[in-house]
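Shown next: run.cif, given as mmCIF, C-alpha atoms (C1' of nucleotides).
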data_upload
loop_
_atom_site.group_PDB
_atom_site.id
_atom_site.type_symbol
_atom_site.label_atom_id
_atom_site.label_comp_id
_atom_site.auth_asym_id
_atom_site.auth_seq_id
_atom_site.Cartn_x
_atom_site.Cartn_y
_atom_site.Cartn_z
ATOM 1 C CA MET J 148 115.441 135.321 146.258
ATOM 2 C CA ALA J 149 118.597 134.714 148.226
ATOM 3 C CA GLN J 150 117.182 131.896 150.269
ATOM 4 C CA VAL J 151 118.952 130.906 153.417
ATOM 5 C CA GLN J 152 120.541 127.564 152.839
ATOM 6 C CA ILE J 153 119.921 125.081 155.546
ATOM 7 C CA LEU J 154 122.744 122.677 155.977
ATOM 8 C CA SER J 155 122.436 119.081 156.975
ATOM 9 C CA ARG J 156 124.155 117.821 160.074
ATOM 10 C CA ASN J 157 127.254 116.521 158.317
ATOM 11 C CA GLN J 158 127.485 119.494 156.035
ATOM 12 C CA GLN J 159 127.414 121.806 159.056
ATOM 13 C CA ILE J 160 130.067 119.841 160.889
ATOM 14 C CA VAL J 161 132.379 119.893 157.912
ATOM 15 C CA LEU J 162 131.754 123.553 157.193
ATOM 16 C CA ASP J 163 132.438 124.489 160.811
ATOM 17 C CA ILE J 164 135.819 122.833 160.746
ATOM 18 C CA ILE J 165 136.796 124.460 157.482
ATOM 19 C CA GLU J 166 135.671 127.862 158.671
ATOM 20 C CA LYS J 167 137.594 127.594 161.900
ATOM 21 C CA ALA J 168 140.769 126.519 160.171
ATOM 22 C CA LYS J 169 143.496 129.036 159.479
ATOM 23 C CA GLY J 170 144.467 127.430 156.226
ATOM 24 C CA PRO J 171 143.225 124.976 153.647
ATOM 25 C CA LEU J 172 142.171 121.577 154.954
ATOM 26 C CA LYS J 173 142.479 118.241 153.236
ATOM 27 C CA ALA J 174 139.592 115.823 153.152
ATOM 28 C CA TYR J 175 141.254 113.219 155.305
ATOM 29 C CA SER J 176 142.418 115.721 157.851
ATOM 30 C CA ILE J 177 138.811 116.840 158.139
ATOM 31 C CA LEU J 178 137.823 113.218 158.542
ATOM 32 C CA PHE J 179 140.251 112.647 161.400
ATOM 33 C CA ASN J 180 138.961 115.770 163.071
ATOM 34 C CA VAL J 181 135.344 114.705 163.056
ATOM 35 C CA GLN J 182 135.611 111.095 164.016
ATOM 36 C CA LYS J 183 134.654 112.016 167.550
ATOM 37 C CA LYS J 184 131.398 113.338 166.104
ATOM 38 C CA GLY J 185 130.548 109.978 164.630
ATOM 39 C CA ILE J 186 131.669 110.504 161.069
ATOM 40 C CA ASN J 187 133.743 107.530 160.107
ATOM 41 C CA ALA J 188 134.066 107.285 156.375
ATOM 42 C CA PRO J 189 135.607 109.362 153.594
ATOM 43 C CA GLN J 190 132.348 109.241 151.652
ATOM 44 C CA GLN J 191 130.634 111.235 154.319
ATOM 45 C CA ILE J 192 133.256 113.940 154.059
ATOM 46 C CA TYR J 193 133.357 114.015 150.283
ATOM 47 C CA ARG J 194 129.589 114.179 150.050
ATOM 48 C CA ALA J 195 129.462 117.136 152.379
ATOM 49 C CA LEU J 196 132.330 118.812 150.546
ATOM 50 C CA ASP J 197 130.585 118.395 147.204
ATOM 51 C CA LYS J 198 127.423 120.012 148.445
ATOM 52 C CA LEU J 199 129.253 122.836 150.172
ATOM 53 C CA ILE J 200 131.098 123.564 146.956
ATOM 54 C CA GLU J 201 127.835 123.545 144.996
ATOM 55 C CA MET J 202 126.415 126.029 147.463
ATOM 56 C CA GLY J 203 129.501 128.203 147.218
ATOM 57 C CA LYS J 204 130.268 127.881 150.924
ATOM 58 C CA ILE J 205 133.713 126.491 150.297
ATOM 59 C CA HIS J 206 136.200 126.259 147.457
ATOM 60 C CA LYS J 207 138.608 123.594 146.413
ATOM 61 C CA ILE J 208 142.205 124.629 145.916
ATOM 62 C CA GLU J 209 142.961 122.386 142.984
ATOM 63 C CA SER J 210 146.714 122.581 143.206
ATOM 64 C CA LYS J 211 146.589 121.379 146.786
ATOM 65 C CA ASN J 212 143.577 119.090 146.907
ATOM 66 C CA ALA J 213 142.431 121.099 149.858
ATOM 67 C CA PHE J 214 139.437 123.133 150.858
ATOM 68 C CA VAL J 215 138.893 126.644 152.187
ATOM 69 C CA ALA J 216 135.843 128.531 153.352
ATOM 70 C CA CYS J 217 134.501 131.181 151.044
ATOM 71 C CA ARG J 218 135.300 134.582 152.514
ATOM 72 C CA SER J 219 134.320 136.885 149.701
ATOM 73 C CA SER J 220 130.842 137.599 148.455
ATOM 74 C CA ASP J 221 128.439 136.153 150.923
ATOM 75 C CA CYS J 222 128.634 132.914 149.089
ATOM 76 C CA GLU J 223 126.956 133.120 145.764
ATOM 77 C CA ILE J 224 127.536 130.077 143.695
ATOM 78 C CA SER J 225 131.094 130.639 142.724
ATOM 79 C CA LYS J 226 131.832 130.782 139.068
ATOM 80 C CA ALA J 227 134.809 133.003 139.378
ATOM 81 C CA THR J 228 137.425 132.086 141.918
ATOM 82 C CA ALA J 229 140.926 133.395 142.453
ATOM 83 C CA PHE J 230 143.431 132.595 145.133
ATOM 84 C CA SER J 231 146.819 133.666 146.288
ATOM 85 C CA ILE J 232 148.905 130.790 147.573
ATOM 86 C CA CYS J 233 152.145 130.968 149.516
ATOM 87 C CA GLU J 234 154.549 128.274 148.411
ATOM 88 C CA SER J 235 156.357 128.418 151.703
ATOM 89 C CA CYS J 236 153.716 128.387 154.445
ATOM 90 C CA GLU J 237 150.854 127.063 152.331
ATOM 91 C CA MET J 238 148.664 129.990 153.276
ATOM 92 C CA VAL J 239 145.771 130.602 150.904
ATOM 93 C CA ASP J 240 143.940 133.872 150.480
ATOM 94 C CA GLU J 241 140.840 134.305 148.410
ATOM 95 C CA ILE J 242 141.204 137.236 146.055
ATOM 96 C CA SER J 243 138.071 139.201 145.533
ATOM 97 C CA ASP J 244 138.855 141.881 143.061
ATOM 98 C CA THR J 245 135.975 143.125 140.991
ATOM 99 C CA LYS J 246 138.131 144.289 138.118
ATOM 100 C CA LEU J 247 139.967 141.020 137.860
ATOM 101 C CA SER J 248 136.766 139.087 138.083
ATOM 102 C CA LYS J 249 135.071 141.161 135.410
ATOM 103 C CA TYR J 250 138.082 140.991 133.165
ATOM 104 C CA LEU J 251 138.201 137.223 133.317
ATOM 105 C CA SER J 252 134.457 136.693 133.153
ATOM 106 C CA GLY J 253 134.429 138.730 129.979
ATOM 107 C CA PHE J 254 137.369 136.926 128.477
ATOM 108 C CA ASN J 255 136.510 134.979 125.372
ATOM 109 C CA HIS J 256 138.517 132.315 123.758
ATOM 110 C CA LYS J 257 139.378 132.784 120.112
ATOM 111 C CA LYS J 258 138.052 129.385 119.299
ATOM 112 C CA GLY J 259 134.569 130.435 120.222
ATOM 113 C CA MET J 260 134.145 128.590 123.445
ATOM 114 C CA LYS J 261 131.898 130.317 125.935
ATOM 115 C CA PHE J 262 133.158 130.035 129.485
ATOM 116 C CA LYS J 263 130.888 129.311 132.390
ATOM 117 C CA ARG J 264 133.426 129.373 135.122
ATOM 118 C CA PHE J 265 137.075 129.881 135.889
ATOM 119 C CA ASN J 266 139.573 129.223 138.632
ATOM 120 C CA LEU J 267 142.791 131.149 139.027
ATOM 121 C CA GLU J 268 145.633 130.312 141.382
ATOM 122 C CA PHE J 269 148.562 132.655 141.978
ATOM 123 C CA PHE J 270 151.727 131.403 143.631
ATOM 124 C CA GLY J 271 154.458 133.239 145.468
ATOM 125 C CA ILE J 272 155.970 133.837 148.871
ATOM 126 C CA CYS J 273 153.809 135.741 151.314
ATOM 127 C CA LYS J 274 154.958 138.797 153.228
ATOM 128 C CA LYS J 275 155.272 136.918 156.456
ATOM 129 C CA CYS J 276 157.491 134.234 154.981
ATOM 130 C CA LYS J 277 159.688 136.759 153.230
ATOM 131 C CA LYS J 278 160.721 138.221 156.552
ATOM 132 C CA ASP J 279 162.050 134.954 157.895
ATOM 133 C CA MET K 5 171.071 131.230 125.770
ATOM 134 C CA ALA K 6 168.126 129.009 124.999
ATOM 135 C CA GLN K 7 170.024 125.799 125.354
ATOM 136 C CA VAL K 8 168.573 122.693 123.809
ATOM 137 C CA GLN K 9 167.392 120.460 126.557
ATOM 138 C CA ILE K 10 168.467 116.901 126.257
ATOM 139 C CA LEU K 11 165.950 114.504 127.621
ATOM 140 C CA SER K 12 166.708 111.228 129.265
ATOM 141 C CA ARG K 13 165.284 108.043 127.851
ATOM 142 C CA ASN K 14 162.271 107.892 130.127
ATOM 143 C CA GLN K 15 161.595 111.575 129.836
ATOM 144 C CA GLN K 16 161.556 111.285 126.056
ATOM 145 C CA ILE K 17 159.223 108.300 126.099
ATOM 146 C CA VAL K 18 156.772 110.066 128.370
ATOM 147 C CA LEU K 19 156.940 113.304 126.421
ATOM 148 C CA ASP K 20 156.338 111.492 123.129
ATOM 149 C CA ILE K 21 153.170 109.915 124.421
ATOM 150 C CA ILE K 22 151.843 113.169 125.791
ATOM 151 C CA GLU K 23 152.627 115.010 122.581
ATOM 152 C CA LYS K 24 150.900 112.434 120.450
ATOM 153 C CA ALA K 25 147.789 112.424 122.598
ATOM 154 C CA LYS K 26 144.753 114.403 121.545
ATOM 155 C CA GLY K 27 143.801 115.295 125.061
ATOM 156 C CA PRO K 28 145.204 115.369 128.560
ATOM 157 C CA LEU K 29 146.700 112.130 129.835
ATOM 158 C CA LYS K 30 146.704 110.803 133.352
ATOM 159 C CA ALA K 31 149.834 109.416 134.918
ATOM 160 C CA TYR K 32 148.579 105.858 135.135
ATOM 161 C CA SER K 33 147.258 105.867 131.620
ATOM 162 C CA ILE K 34 150.727 106.912 130.496
ATOM 163 C CA LEU K 35 152.139 104.101 132.581
ATOM 164 C CA PHE K 36 149.921 101.489 130.937
ATOM 165 C CA ASN K 37 150.933 102.810 127.543
ATOM 166 C CA VAL K 38 154.637 102.464 128.106
ATOM 167 C CA GLN K 39 154.847 99.133 129.822
ATOM 168 C CA LYS K 40 155.859 97.562 126.540
ATOM 169 C CA LYS K 41 158.861 99.878 126.585
ATOM 170 C CA GLY K 42 160.038 98.517 129.887
ATOM 171 C CA ILE K 43 158.692 101.141 132.220
ATOM 172 C CA ASN K 44 156.937 99.349 135.020
ATOM 173 C CA ALA K 45 156.452 101.621 137.964
ATOM 174 C CA PRO K 46 154.546 104.817 138.704
ATOM 175 C CA GLN K 47 157.694 106.387 140.114
ATOM 176 C CA GLN K 48 159.307 106.303 136.729
ATOM 177 C CA ILE K 49 156.378 108.152 135.219
ATOM 178 C CA TYR K 50 156.096 110.711 137.985
ATOM 179 C CA ARG K 51 159.800 111.416 137.892
ATOM 180 C CA ALA K 52 159.696 112.064 134.189
ATOM 181 C CA LEU K 53 156.572 114.192 134.549
ATOM 182 C CA ASP K 54 158.192 116.304 137.247
ATOM 183 C CA LYS K 55 161.213 117.052 135.115
ATOM 184 C CA LEU K 56 159.163 117.750 132.002
ATOM 185 C CA ILE K 57 157.089 120.214 133.977
ATOM 186 C CA GLU K 58 160.223 121.900 135.309
ATOM 187 C CA MET K 59 161.480 122.234 131.773
ATOM 188 C CA GLY K 60 158.173 123.644 130.601
ATOM 189 C CA LYS K 61 157.623 120.832 128.109
ATOM 190 C CA ILE K 62 154.324 119.831 129.631
ATOM 191 C CA HIS K 63 151.740 121.264 131.997
ATOM 192 C CA LYS K 64 149.597 119.728 134.646
ATOM 193 C CA ILE K 65 145.890 120.415 134.464
ATOM 194 C CA GLU K 66 145.245 120.650 138.172
ATOM 195 C CA SER K 67 141.511 120.193 138.053
ATOM 196 C CA LYS K 68 141.943 116.930 136.206
ATOM 197 C CA ASN K 69 145.205 115.543 137.513
ATOM 198 C CA ALA K 70 146.254 115.158 133.944
ATOM 199 C CA PHE K 71 149.040 116.337 131.710
ATOM 200 C CA VAL K 72 149.241 118.065 128.345
ATOM 201 C CA ALA K 73 152.110 119.030 126.094
ATOM 202 C CA CYS K 74 153.012 122.681 125.975
ATOM 203 C CA ARG K 75 151.886 124.085 122.654
ATOM 204 C CA SER K 76 152.415 127.779 123.142
ATOM 205 C CA SER K 77 155.723 129.562 123.424
ATOM 206 C CA ASP K 78 158.407 127.136 122.454
ATOM 207 C CA CYS K 79 158.517 125.966 126.000
ATOM 208 C CA GLU K 80 159.994 128.545 128.229
ATOM 209 C CA ILE K 81 159.707 127.635 131.830
ATOM 210 C CA SER K 82 156.058 128.277 132.310
ATOM 211 C CA LYS K 83 155.115 130.782 134.913
ATOM 212 C CA ALA K 84 151.909 131.814 133.333
ATOM 213 C CA THR K 85 149.553 129.120 132.196
ATOM 214 C CA ALA K 86 145.952 129.308 131.074
ATOM 215 C CA PHE K 87 143.687 126.619 129.759
ATOM 216 C CA SER K 88 140.256 126.220 128.337
ATOM 217 C CA ILE K 89 138.585 123.020 129.415
ATOM 218 C CA CYS K 90 135.438 121.457 128.006
ATOM 219 C CA GLU K 91 133.324 119.957 130.741
ATOM 220 C CA SER K 92 131.659 117.636 128.310
ATOM 221 C CA CYS K 93 134.404 116.078 126.173
ATOM 222 C CA GLU K 94 137.308 116.877 128.493
ATOM 223 C CA MET K 95 139.178 118.620 125.724
ATOM 224 C CA VAL K 96 141.869 121.002 126.931
ATOM 225 C CA ASP K 97 143.293 123.894 124.975
ATOM 226 C CA GLU K 98 146.219 125.966 126.077
ATOM 227 C CA ILE K 99 145.395 129.647 125.862
ATOM 228 C CA SER K 100 148.240 131.811 124.781
ATOM 229 C CA ASP K 101 147.030 135.339 124.820
ATOM 230 C CA THR K 102 149.648 137.988 125.372
ATOM 231 C CA LYS K 103 147.230 140.511 126.800
ATOM 232 C CA LEU K 104 145.780 138.074 129.293
ATOM 233 C CA SER K 105 149.203 136.901 130.275
ATOM 234 C CA LYS K 106 150.508 140.417 130.777
ATOM 235 C CA TYR K 107 147.438 141.443 132.685
ATOM 236 C CA LEU K 108 147.768 138.589 135.099
ATOM 237 C CA SER K 109 151.532 138.739 135.413
ATOM 238 C CA GLY K 110 151.174 142.361 136.388
ATOM 239 C CA PHE K 111 148.412 141.708 138.848
ATOM 240 C CA ASN K 112 149.369 142.472 142.418
ATOM 241 C CA HIS K 113 147.620 141.385 145.516
ATOM 242 C CA LYS K 114 146.538 144.087 147.904
ATOM 243 C CA LYS K 115 148.216 142.296 150.723
ATOM 244 C CA GLY K 116 151.587 142.857 149.176
ATOM 245 C CA MET K 117 152.376 139.400 148.018
ATOM 246 C CA LYS K 118 154.520 139.242 144.940
ATOM 247 C CA PHE K 119 153.449 136.502 142.555
ATOM 248 C CA LYS K 120 155.913 134.291 140.794
ATOM 249 C CA ARG K 121 153.521 132.196 138.841
ATOM 250 C CA PHE K 122 149.879 131.618 138.102
ATOM 251 C CA ASN K 123 147.609 128.989 136.632
ATOM 252 C CA LEU K 124 144.207 129.750 135.204
ATOM 253 C CA GLU K 125 141.595 127.230 134.163
ATOM 254 C CA PHE K 126 138.450 128.193 132.279
ATOM 255 C CA PHE K 127 135.540 125.784 132.048
ATOM 256 C CA GLY K 128 132.686 125.571 129.574
ATOM 257 C CA ILE K 129 131.282 123.532 126.719
ATOM 258 C CA CYS K 130 133.319 123.544 123.550
ATOM 259 C CA LYS K 131 131.900 124.346 120.121
ATOM 260 C CA LYS K 132 131.959 120.765 119.003
ATOM 261 C CA CYS K 133 130.013 119.530 122.017
ATOM 262 C CA LYS K 134 127.455 122.297 121.713
ATOM 263 C CA LYS K 135 126.411 121.017 118.298
ATOM 264 C CA ASP K 136 125.514 117.570 119.569
ATOM 265 C "C1'" DA Q 206 98.194 112.233 157.951
ATOM 266 C "C1'" DT Q 207 100.239 109.610 154.574
ATOM 267 C "C1'" DA Q 208 102.020 108.332 150.180
ATOM 268 C "C1'" DA Q 209 105.603 109.487 147.092
ATOM 269 C "C1'" DC Q 210 109.797 111.379 146.187
ATOM 270 C "C1'" DA Q 211 114.242 113.500 146.963
ATOM 271 C "C1'" DA Q 212 118.200 114.270 149.787
ATOM 272 C "C1'" DA Q 213 121.164 112.834 153.171
ATOM 273 C "C1'" DC Q 214 123.133 109.099 155.797
ATOM 274 C "C1'" DG Q 215 126.099 104.976 157.093
ATOM 275 C "C1'" DT Q 216 128.911 101.321 155.585
ATOM 276 C "C1'" DT Q 217 132.076 98.260 153.104
ATOM 277 C "C1'" DA Q 218 134.921 97.882 149.538
ATOM 278 C "C1'" DT Q 219 137.832 99.462 145.990
ATOM 279 C "C1'" DA Q 220 139.844 102.596 142.542
ATOM 280 C "C1'" DT Q 221 142.969 106.226 141.551
ATOM 281 C "C1'" DT Q 222 146.726 109.310 142.319
ATOM 282 C "C1'" DA Q 223 151.185 110.042 144.359
ATOM 283 C "C1'" DT Q 224 155.373 109.410 147.255
ATOM 284 C "C1'" DA Q 225 159.018 107.022 150.333
ATOM 285 C "C1'" DA Q 226 163.007 104.602 150.522
ATOM 286 C "C1'" DC Q 227 166.773 101.929 148.896
ATOM 287 C "C1'" DA Q 228 170.318 100.289 145.732
ATOM 288 C "C1'" DC Q 229 172.698 100.893 141.513
ATOM 289 C "C1'" DA Q 230 174.468 103.037 137.011
ATOM 290 C "C1'" DA Q 231 175.974 106.760 134.144
ATOM 291 C "C1'" DT Q 232 177.887 111.253 133.709
ATOM 292 C "C1'" DG Q 233 180.243 115.312 134.884
ATOM 293 C "C1'" DT Q 234 183.553 118.062 137.957
ATOM 294 C "C1'" DT Q 235 187.549 119.051 140.672
ATOM 295 C "C1'" DA I 104 190.630 109.009 141.788
ATOM 296 C "C1'" DA I 105 187.106 110.989 144.601
ATOM 297 C "C1'" DC I 106 182.998 113.226 144.593
ATOM 298 C "C1'" DA I 107 178.550 115.145 143.390
ATOM 299 C "C1'" DT I 108 174.583 115.007 140.367
ATOM 300 C "C1'" DT I 109 171.153 112.919 137.743
ATOM 301 C "C1'" DG I 110 168.762 109.203 136.196
ATOM 302 C "C1'" DT I 111 167.252 104.387 136.725
ATOM 303 C "C1'" DG I 112 164.667 100.248 138.585
ATOM 304 C "C1'" DT I 113 162.166 98.243 142.279
ATOM 305 C "C1'" DT I 114 159.141 97.240 146.247
ATOM 306 C "C1'" DA I 115 156.140 99.053 149.268
ATOM 307 C "C1'" DT I 116 152.856 102.207 150.977
ATOM 308 C "C1'" DA I 117 150.509 106.650 151.564
ATOM 309 C "C1'" DA I 118 147.011 109.837 150.225
ATOM 310 C "C1'" DT I 119 143.041 111.063 147.584
ATOM 311 C "C1'" DA I 120 138.570 109.795 145.779
ATOM 312 C "C1'" DT I 121 134.550 107.008 144.195
ATOM 313 C "C1'" DA I 122 131.223 102.849 143.615
ATOM 314 C "C1'" DA I 123 127.509 100.541 145.227
ATOM 315 C "C1'" DC I 124 124.164 99.190 148.493
ATOM 316 C "C1'" DG I 125 120.570 99.723 151.716
ATOM 317 C "C1'" DT I 126 118.478 102.790 155.298
ATOM 318 C "C1'" DT I 127 116.797 107.105 157.292
ATOM 319 C "C1'" DT I 128 115.187 111.669 157.213
ATOM 320 C "C1'" DG I 129 112.976 115.620 155.192
ATOM 321 C "C1'" DT I 130 109.596 117.742 151.733
ATOM 322 C "C1'" DT I 131 105.635 118.135 149.018
ATOM 323 C "C1'" DA I 132 101.263 117.003 147.300
ATOM 324 C "C1'" DT I 133 97.053 115.003 147.997
#

As a first step, turn the structure in this file into structure tokens.
Amino acid sequence: MAQVQILSRNQQIVLDIIEKAKGPLKAYSILFNVQKKGINAPQQIYRALDKLIEMGKIHKIESKNAFVACRSSDCEISKATAFSICESCEMVDEISDTKLSKYLSGFNHKKGMKFKRFNLEFFGICKKCKKD
Amino acid sequence: MAQVQILSRNQQIVLDIIEKAKGPLKAYSILFNVQKKGINAPQQIYRALDKLIEMGKIHKIESKNAFVACRSSDCEISKATAFSICESCEMVDEISDTKLSKYLSGFNHKKGMKFKRFNLEFFGICKKCKKD
DNA sequence: ATAACAAACGTTATATTATAACACAATGTT
DNA sequence: AACATTGTGTTATAATATAACGTTTGTTAT
């Protein structure tokens, strides 16, 4: 019953910043940006980030230790994430491609391990950077 | 002409440890393990790790900040990596599946970005852990 | 309404992961 | 010989993340 998630104060503040951002944000850069709102400690950021990830509102880009808002499905808990990352400008795009997602969700390891979740990161140079 | 790579002293020491390990190793755990061999500083480890990655001898498991030896193709420069990770015992297995690799290497983003490289991490509970 | 519990908060301290910067040595190239 | 390239060793510090504690707020059940 797709219940509307109510966010706590800190969670909302952190989510707002990530959603407004044009690219991935790092935890400490979020922290510096919210100090005026009375959030002073890394713990407060990391706690909010953890919950937001659990809820599927944001994703962590593992190769960058940075966080982006979820733009694809209206934020189901994300068990299948894929991103396109520009190695020049650091831009990150969430890839939501049903075929890809189905293909990978159905992928089974020879050794009999059943997968619950995957994360895929593609790297390259984005169109914009290629022009320069 | 698949030239045999000659490793420097530190690179060889670090590679040996990673190859002997049963699971992924973290940089500082490598450091502690090689202090008897006269390596004292994180820089020395990270420098060796960087080169070994460039050479395709090892891979970084991004979600764990840890390193594993390359077991698949006899270590071409790795542009297409996939791993299966047990969330219980932390075991990591490199997946070398030609179909998967081809499928992903051929994948093209709508937005016209050409990918040079990808990294895929699957998560689940391995067979061994399921028994317990 | 209030007791009981869970979730979120604030804070201090600390652990873990990674890089900067500098000087020197070994090797290879021209 | 002069020069570039790669690797080394070292000290210092930056950046990322968690532990542990006590308090406050929000929910649910009676």

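Residues from chain Q that have an atom within 10 Å of chain J, counting all atoms listed in the file, are DA212, DA213, DC214, DG215, DT216 and DT217 of chain Q.
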
- Task: Name all residues at most 9 Å from Pro46 in chain K (count all atoms listed in the file; drop same-chain ones fewer than 4 positions away) and give them as a ChimeraX atom specification.
- Result: /K:31-32,35,50-51 /Q:223

- Query: Any chance you could work out the residue set of the PyMOL selection byres ((chain Q and resi 209) around 12) here, as a list in words?
  - Reply: DT207, DA208, DC210 and DA211 of chain Q; DT130, DT131, DA132 and DT133 of chain I

Find the residues of chain I that sit at most 12 Å from chain K; for each, write down the nearest two atoms and how far apart they are in Å, to one decimal. Count only C-alpha atoms (C1' of nucleotides). Sort by chain, then by number going up, and give it as CSV.
residue,atom,partner,partner_atom,distance
I:DT109,C1',K:Ser12,CA,9.7
I:DG110,C1',K:Ser12,CA,7.5
I:DT111,C1',K:Gln48,CA,8.2
I:DG112,C1',K:Gln48,CA,8.3
I:DT113,C1',K:Ala45,CA,7.9
I:DT114,C1',K:Ala45,CA,9.7
I:DA115,C1',K:Ala45,CA,11.6
I:DT119,C1',K:Asn69,CA,11.2

- Task: Rounded to one decimal place, report the CA of Ser176 in chain J-CA of Ile208 in chain J distance in Å.
- Result: 14.9 Å

- Step by step, work through what the PyMOL selection byres ((chain K) within 7 of (chain J)) selects in the shown file, and finish by giving those residues as an NGL selection string. :K and (66-67 or 116-131)

Go ahead and save the residues from that selection, with C-alpha atoms, as an mmCIF file, in the frame of the given file.
data_model
loop_
_atom_site.group_PDB
_atom_site.id
_atom_site.type_symbol
_atom_site.label_atom_id
_atom_site.label_comp_id
_atom_site.auth_asym_id
_atom_site.auth_seq_id
_atom_site.Cartn_x
_atom_site.Cartn_y
_atom_site.Cartn_z
ATOM 1 C CA GLU K 66 145.245 120.650 138.172
ATOM 2 C CA SER K 67 141.511 120.193 138.053
ATOM 3 C CA GLY K 116 151.587 142.857 149.176
ATOM 4 C CA MET K 117 152.376 139.400 148.018
ATOM 5 C CA LYS K 118 154.520 139.242 144.940
ATOM 6 C CA PHE K 119 153.449 136.502 142.555
ATOM 7 C CA LYS K 120 155.913 134.291 140.794
ATOM 8 C CA ARG K 121 153.521 132.196 138.841
ATOM 9 C CA PHE K 122 149.879 131.618 138.102
ATOM 10 C CA ASN K 123 147.609 128.989 136.632
ATOM 11 C CA LEU K 124 144.207 129.750 135.204
ATOM 12 C CA GLU K 125 141.595 127.230 134.163
ATOM 13 C CA PHE K 126 138.450 128.193 132.279
ATOM 14 C CA PHE K 127 135.540 125.784 132.048
ATOM 15 C CA GLY K 128 132.686 125.571 129.574
ATOM 16 C CA ILE K 129 131.282 123.532 126.719
ATOM 17 C CA CYS K 130 133.319 123.544 123.550
ATOM 18 C CA LYS K 131 131.900 124.346 120.121
#

- May I have the residues within 6 Å of Ile205 in chain J as a list in words, using all atoms listed in the file and disregarding those fewer than 4 positions away in the same chain?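 Residues near the query, excluding close chain neighbours: Leu199, Ile200, Val215, Ala216 and Cys217 of chain J.
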
- Within 12 Å of DT116 in chain I, counting all atoms listed in the file, which residues qualify if same-chain residues fewer than 4 places away don't, as a VMD selection string? chain Q and resid 223 to 226

Go ahead and dump the residues you just picked, C-alpha atoms (C1' of nucleotides), as an mmCIF file, in the coordinates of the input.
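Okay, this is what ended up in part.cif:
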data_model
loop_
_atom_site.group_PDB
_atom_site.id
_atom_site.type_symbol
_atom_site.label_atom_id
_atom_site.label_comp_id
_atom_site.auth_asym_id
_atom_site.auth_seq_id
_atom_site.Cartn_x
_atom_site.Cartn_y
_atom_site.Cartn_z
ATOM 1 C "C1'" DA Q 223 151.185 110.042 144.359
ATOM 2 C "C1'" DT Q 224 155.373 109.410 147.255
ATOM 3 C "C1'" DA Q 225 159.018 107.022 150.333
ATOM 4 C "C1'" DA Q 226 163.007 104.602 150.522
#

- Task: Name the closest residue to Lys55 in chain K among the candidates K:Gly110, K:Glu98, K:Gln16, K:Lys30; distances are taken between atoms, counting all atoms listed in the file.
- Result: K:Gln16

- Query: Between J:Glu237, J:Gly203, J:Asp197, J:Cys276, which has the minimum distance to DA120 in chain I (counting all atoms listed in the file)?
  - Reply: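 Closest to DA120 in chain I, using all atoms listed in the file: J:Asp197.
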
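Of the residues listed (K:Arg75, K:Ile10, K:Ser105, K:Glu58), K:Arg75 shows the shortest atom-to-atom separation from Lys24 in chain K; distances use all atoms listed in the file.
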
- Could you state which residues are captured by the PyMOL selection byres ((chain Q and resi 234) around 8) in this file, as number ranges by chain? Q: 233, 235; I: 107

- K:Lys106, K:Ala70, K:Ala25, K:Leu19: which is nearest DT222 in chain Q, counting all atoms listed in the file?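 Nearest candidate to DT222 in chain Q out of K:Lys106, K:Ala70, K:Ala25, K:Leu19: K:Ala70.
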
- What does the distance from CA of Pro28 in chain K to CA of Val96 in chain K come to in Å, to one decimal? 6.7 Å
